[in-house]
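Quick notes on the structure that follows.
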Amino acid sequence: MGTQLYLGVIVVALFATTVTNAEIKVQCGKDSVSITWTIPSRMRQYAARHFLGNCMPSRFNVLPRGEGKAEFNYKLDDCNFKRLVKGKNIIYKNELTFRPRPRSSPAAYVYPIECVYPRPTGWVPPFLDPGAGVAGGRGGLTFHMLLLNEQMTAVAETNVIPLGSFMPIWATVEQKSHQPLLLLMEECVAATTPELQANSNVYPIITNKGCLLDSVKGNSRFLPRYYSSAIILYLQSFKFGLGEEVYIHCKLLAWDPEVLSESKKACHYVKENERWEFLDDPMQSSMCDCCSRTCNTRSKRGDEWESNGFRPTSVLGPLIIMDPSQQNAHNASVVSIADQG
């Protein structure tokens, strides 16, 4: 056992002194990646200890001068690549590692791999497509509200949120046979109960007919839409209800996208510009000016919509916001985070 440990230390030290001479070349393809890793001759015997994510080299050659060349040719769906959606780009991330010790031990060397692609026009993760798996029909509308993971590639797998981190809250309406609809969040509050009472202690998030109040106090914002019938609230976690079960209550509104006004809007405060901005068309941000006072409660147009507008209340939770220094002490179960309304 002692000999094995000693050998592991020798290998790590040897690699640390030679890795600076290693040559790594990365070529990102349309849906794949090709990587060549030139390894010093002294390290050839450890060829099987080089990895891309959880993948071993797809090919290994010995070069004329004695160096080894590890080749990794894999699809971006392989080797535990992580996909992130950031702004106008889709980013695939992974790591090249050298692991002379057992898999459970830390890697002796890590080299980050990143492939960045422009997000295609109209691209949306399949699970965010409000039309996916929806049966056609007439009648009432169906609304959903979910918490996404931090990469916004799937539904969140935990309800424990570190204080100060962001909670991507996705809401959508199944349009079915209805005319195109615009989904808005009229009002959202956080509470420590799944049902609101007259005396409930609440934390206001969205007020004043679509004004994201928390974008003034913190860094919350609306993200660009994939579809008019869906919206993502990028909400920064807060101290309200810290360590307790917290529920997000939202009044959702499905509305005619051609009939917008002070009372039918999605606005957030952009600190860099020191003004409120209209999510769906920054050129019309003047309708958000009322967020600094009281917005009109009636539209000048669309009176016929007022009587039959679709306004359900959705409840998301429970969420548990934890101070990172205390999170390890909290024994919270992993749950599916979906609306309860």
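Starting from 1 in every chain, residues are counted up; chains themselves are A, B, ... following the order of the structure tokens, and ligands are numbered from 1 as listed.
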| request: Write out as a list in words each polymer residue whose atoms come within 6 Å of segment 140-145 of chain A, counting only C-alpha atoms; drop sequence neighbours fewer than 3 positions from it. | output: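 So the residues in contact are Trp170, Ala171, Thr172, Val173, Glu174 and Asp339 of chain A.
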| request: May I have all residues of segment 53-296 of chain A that DSSP, computed from the backbone, assigns to strand (DSSP E), given as number ranges by chain? | output: A: 59-62, 68-75, 82-86, 89-98, 109-118, 142-147, 160-162, 166-174, 182-191, 202-207, 211-212, 221-223, 230-236, 245-255, 267-270, 275-278
| request: Would you mind reading off the distance between atom CA of Phe51 of chain A and atom CA of Lys82 of chain A, one decimal, in Å? | output: 15.4 Å
| request: Considering only C-alpha atoms, return as a PyMOL selection string whatever protein or nucleic-acid residues lie within 8 Å of segment 242-259 of chain A, sequence-local ones (same chain, fewer than 2 positions apart) excluded. | output: chain A and resi 173+180-194+228-229+238-240+261+264+301-302+305+309-323
| request: Give the helix (DSSP H, G or I) residues of segment 130-240 of chain A, as DSSP finds them on the backbone, and put them as number ranges by chain. | output: A: 214-217
How would the residues just picked look written out with N, CA and C atoms as a PDB file, in the first residue's frame?
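After the write, result-v7.pdb holds the following:
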```pdb
ATOM      1  N   ASP A 214     -37.966  43.483  -8.099  1.00  0.00           N
ATOM      2  CA  ASP A 214     -36.721  42.923  -7.588  1.00  0.00           C
ATOM      3  C   ASP A 214     -35.522  43.236  -8.483  1.00  0.00           C
ATOM      4  N   SER A 215     -35.756  43.767  -9.691  1.00  0.00           N
ATOM      5  CA  SER A 215     -34.642  44.179 -10.544  1.00  0.00           C
ATOM      6  C   SER A 215     -34.072  45.523 -10.092  1.00  0.00           C
ATOM      7  N   VAL A 216     -34.823  46.265  -9.285  1.00  0.00           N
ATOM      8  CA  VAL A 216     -34.341  47.528  -8.729  1.00  0.00           C
ATOM      9  C   VAL A 216     -33.496  47.259  -7.493  1.00  0.00           C
ATOM     10  N   LYS A 217     -33.992  46.373  -6.638  1.00  0.00           N
ATOM     11  CA  LYS A 217     -33.305  46.081  -5.383  1.00  0.00           C
ATOM     12  C   LYS A 217     -32.138  45.119  -5.567  1.00  0.00           C
TER      13      LYS A 217
END
```
| request: Find the spatial neighbours of Val85 of chain A, counting only C-alpha atoms, within a cut-off of 10 Å - ignore same-chain residues fewer than 5 positions away - and output them as JSON, numbers by chain. | output: {"A": [90, 91, 92, 116, 117, 118, 119, 124, 125, 150, 151, 152, 153]}
| Test item: residues at most 8 Å from Tyr269 of chain A, only C-alpha atoms, excluding those fewer than 4 positions along its chain, as a list in words | Leu212, Leu213, Ser215, Val216, Arg221, Glu274, Arg275, Trp276 and Glu277 of chain A
| task | Extract, using only C-alpha atoms, all DNA, RNA and protein residues at most 9 Å from segment 279-281 of chain A, discarding same-chain residues fewer than 4 positions from it, and format them as a PyMOL selection string. | result | chain A and resi 222-225+228+265-268+285
| Residue neighbourhood Ala156 of chain A, 6 Å, only C-alpha atoms, exclusion window fewer than 5 positions, as a PyMOL selection string | chain A and resi 147-149
| message | So, with only C-alpha atoms as the atoms that count, which of A:Val62, A:Gly29, A:Ile35, A:Gly164 lies closest to Pro324 of chain A? | response | A:Gly164
